[in-house]
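**Student:** Okay, handing you the structure first.
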Amino acid sequence: MTNEHAKAQMADILETVQKQMQAIAQVQQDRAKIIASATVRKRVTVTVNADYKVIETKFTPDIDDLTYTEIAKAVTEAAQQAATEVARKTQEMMAPIQRERARLPKITELVDDMDGFAIPQPVEASLEPPNSPERERLSADEPDGARDRSRTATDASW
């Protein structure tokens with residue numbers, strides 16, 4: 001009977017995973033439609049798409065009141081604000097899928113000898129400009145300027 005129970009439990013898990021995949025496909029379609037705009041200094045508006053790519057930049061007629069440096073900073077800030085809004089919208093869209101995924105058993109619970117298996121989490125990229133002190137510090141923090149390529153994704157030290 002235990003085998004039948006295990007089969008039924010696995011069938012339920014597989015059905016849930018299949019529904020998750022369908023939901024993810026729909027979210028991917030919906031996410032591709034996301035855009036966000038931000039306006040800085042009431043003169044610069046930047047719009048980015050779901051892939052955080054700038055798709056439009058607009059200046060008001062009185063843009064010449066700003067210096068080139070001020071315009072450049074405003075464009076950068078507006079693009080960053082718009083990208084933050086895209087990330088917020090994407091996270092909001094993904095929340096139901098993430099809640100459902102959290103409900104599913106972990107692979108380490110289903111498969112023996114998977115202790116220590118973990119998917120590395122993404123590292124947030126710096127928003128500092130090139131050659132800034134912050135970027136210099138980040139480069140100096142990495143040993144020998146590169147990661148240890150001998151480690152694997154299943155290495156517990158990740």
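Identifiers for the structure tokens are assigned positionally: chains receive A, B, ... in sequence, residues are indexed from 1 per chain, and ligands are indexed from 1 in the order shown.
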Just want the 12 Å neighbourhood of stretch 2-19 of chain A, counted on only C-alpha atoms, with same-chain residues fewer than 2 positions away dropped. Output as a list of chain:residue names.

**Tutor:**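 Listing them by chain and then by number gives A:Met21, A:Gln22, A:Ala23, A:Ile24, A:Ala25, A:Gln26, A:Ile97, A:Glu100, A:Arg101, A:Ala102, A:Arg103, A:Leu104, A:Pro105, A:Lys106, A:Ile107, A:Leu110, A:Val111.
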
**Student:** Stretch 62-76 of chain A: which residues within 8 Å, counting only C-alpha atoms, same-chain residues fewer than 5 positions away excluded, as a list in words?

**Tutor:** Val40, Arg41, Arg43, Val44, Thr45, Val46 and Thr57 of chain A

**Student:** Now that the selection is made, can you save its residues with all heavy atoms as a CSV table (one decimal), in the first residue's frame?

**Tutor:**
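So out.csv came out as:
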chain,number,residue,atom,x,y,z
A,40,VAL,N,12.3,62.6,-14.4
A,40,VAL,CA,13.2,63.3,-13.5
A,40,VAL,C,13.4,64.7,-13.9
A,40,VAL,O,13.5,65.0,-15.1
A,40,VAL,CB,14.6,62.5,-13.5
A,40,VAL,CG1,15.6,63.2,-12.6
A,40,VAL,CG2,14.4,61.1,-13.0
A,41,ARG,N,13.4,65.6,-12.9
A,41,ARG,CA,13.6,67.0,-13.1
A,41,ARG,C,12.5,67.6,-14.0
A,41,ARG,O,12.7,68.7,-14.6
A,41,ARG,CB,14.9,67.3,-13.6
A,41,ARG,CG,16.1,67.1,-12.6
A,41,ARG,CD,17.4,67.5,-13.2
A,41,ARG,NE,18.4,67.5,-12.2
A,41,ARG,CZ,19.0,68.5,-11.7
A,41,ARG,NH1,18.8,69.7,-12.3
A,41,ARG,NH2,19.9,68.4,-10.8
A,43,ARG,N,11.8,67.2,-16.8
A,43,ARG,CA,12.2,67.4,-18.2
A,43,ARG,C,12.6,66.2,-18.9
A,43,ARG,O,12.7,66.2,-20.1
A,43,ARG,CB,13.3,68.4,-18.2
A,43,ARG,CG,13.0,69.8,-17.7
A,43,ARG,CD,14.2,70.7,-17.8
A,43,ARG,NE,13.8,72.1,-17.3
A,43,ARG,CZ,14.1,72.6,-16.1
A,43,ARG,NH1,14.7,71.8,-15.2
A,43,ARG,NH2,13.7,73.8,-15.9
A,44,VAL,N,12.9,65.1,-18.2
A,44,VAL,CA,13.5,63.9,-18.8
A,44,VAL,C,12.6,62.7,-18.4
A,44,VAL,O,12.4,62.5,-17.2
A,44,VAL,CB,14.9,63.6,-18.3
A,44,VAL,CG1,15.4,62.3,-18.9
A,44,VAL,CG2,15.9,64.8,-18.7
A,45,THR,N,12.1,62.0,-19.4
A,45,THR,CA,11.3,60.8,-19.2
A,45,THR,C,11.9,59.7,-20.0
A,45,THR,O,12.2,59.8,-21.2
A,45,THR,CB,9.8,61.0,-19.7
A,45,THR,OG1,9.3,62.1,-19.0
A,45,THR,CG2,9.0,59.8,-19.4
A,46,VAL,N,12.1,58.6,-19.2
A,46,VAL,CA,12.7,57.4,-19.8
A,46,VAL,C,11.7,56.2,-19.6
A,46,VAL,O,11.2,56.1,-18.5
A,46,VAL,CB,14.1,57.0,-19.2
A,46,VAL,CG1,14.6,55.7,-19.8
A,46,VAL,CG2,15.0,58.2,-19.5
A,57,THR,N,13.1,57.7,-24.8
A,57,THR,CA,13.7,58.8,-24.0
A,57,THR,C,13.1,60.1,-24.6
A,57,THR,O,13.1,60.3,-25.8
A,57,THR,CB,15.2,58.9,-24.1
A,57,THR,OG1,15.7,57.6,-23.6
A,57,THR,CG2,15.7,60.0,-23.2

**Student:** To test your reading of the structure, identify every residue in chain A that backbone DSSP assigns to alpha helix (DSSP H), and report it as a PyMOL selection string.

**Tutor:** chain A and resi 2-31+68-103+107-110+133-141

**Student:** Just list the residues in stretch 45-143 of chain A DSSP gives strand (DSSP E or B) on the backbone, as number ranges by chain.

**Tutor:** A: 45-49, 54-59
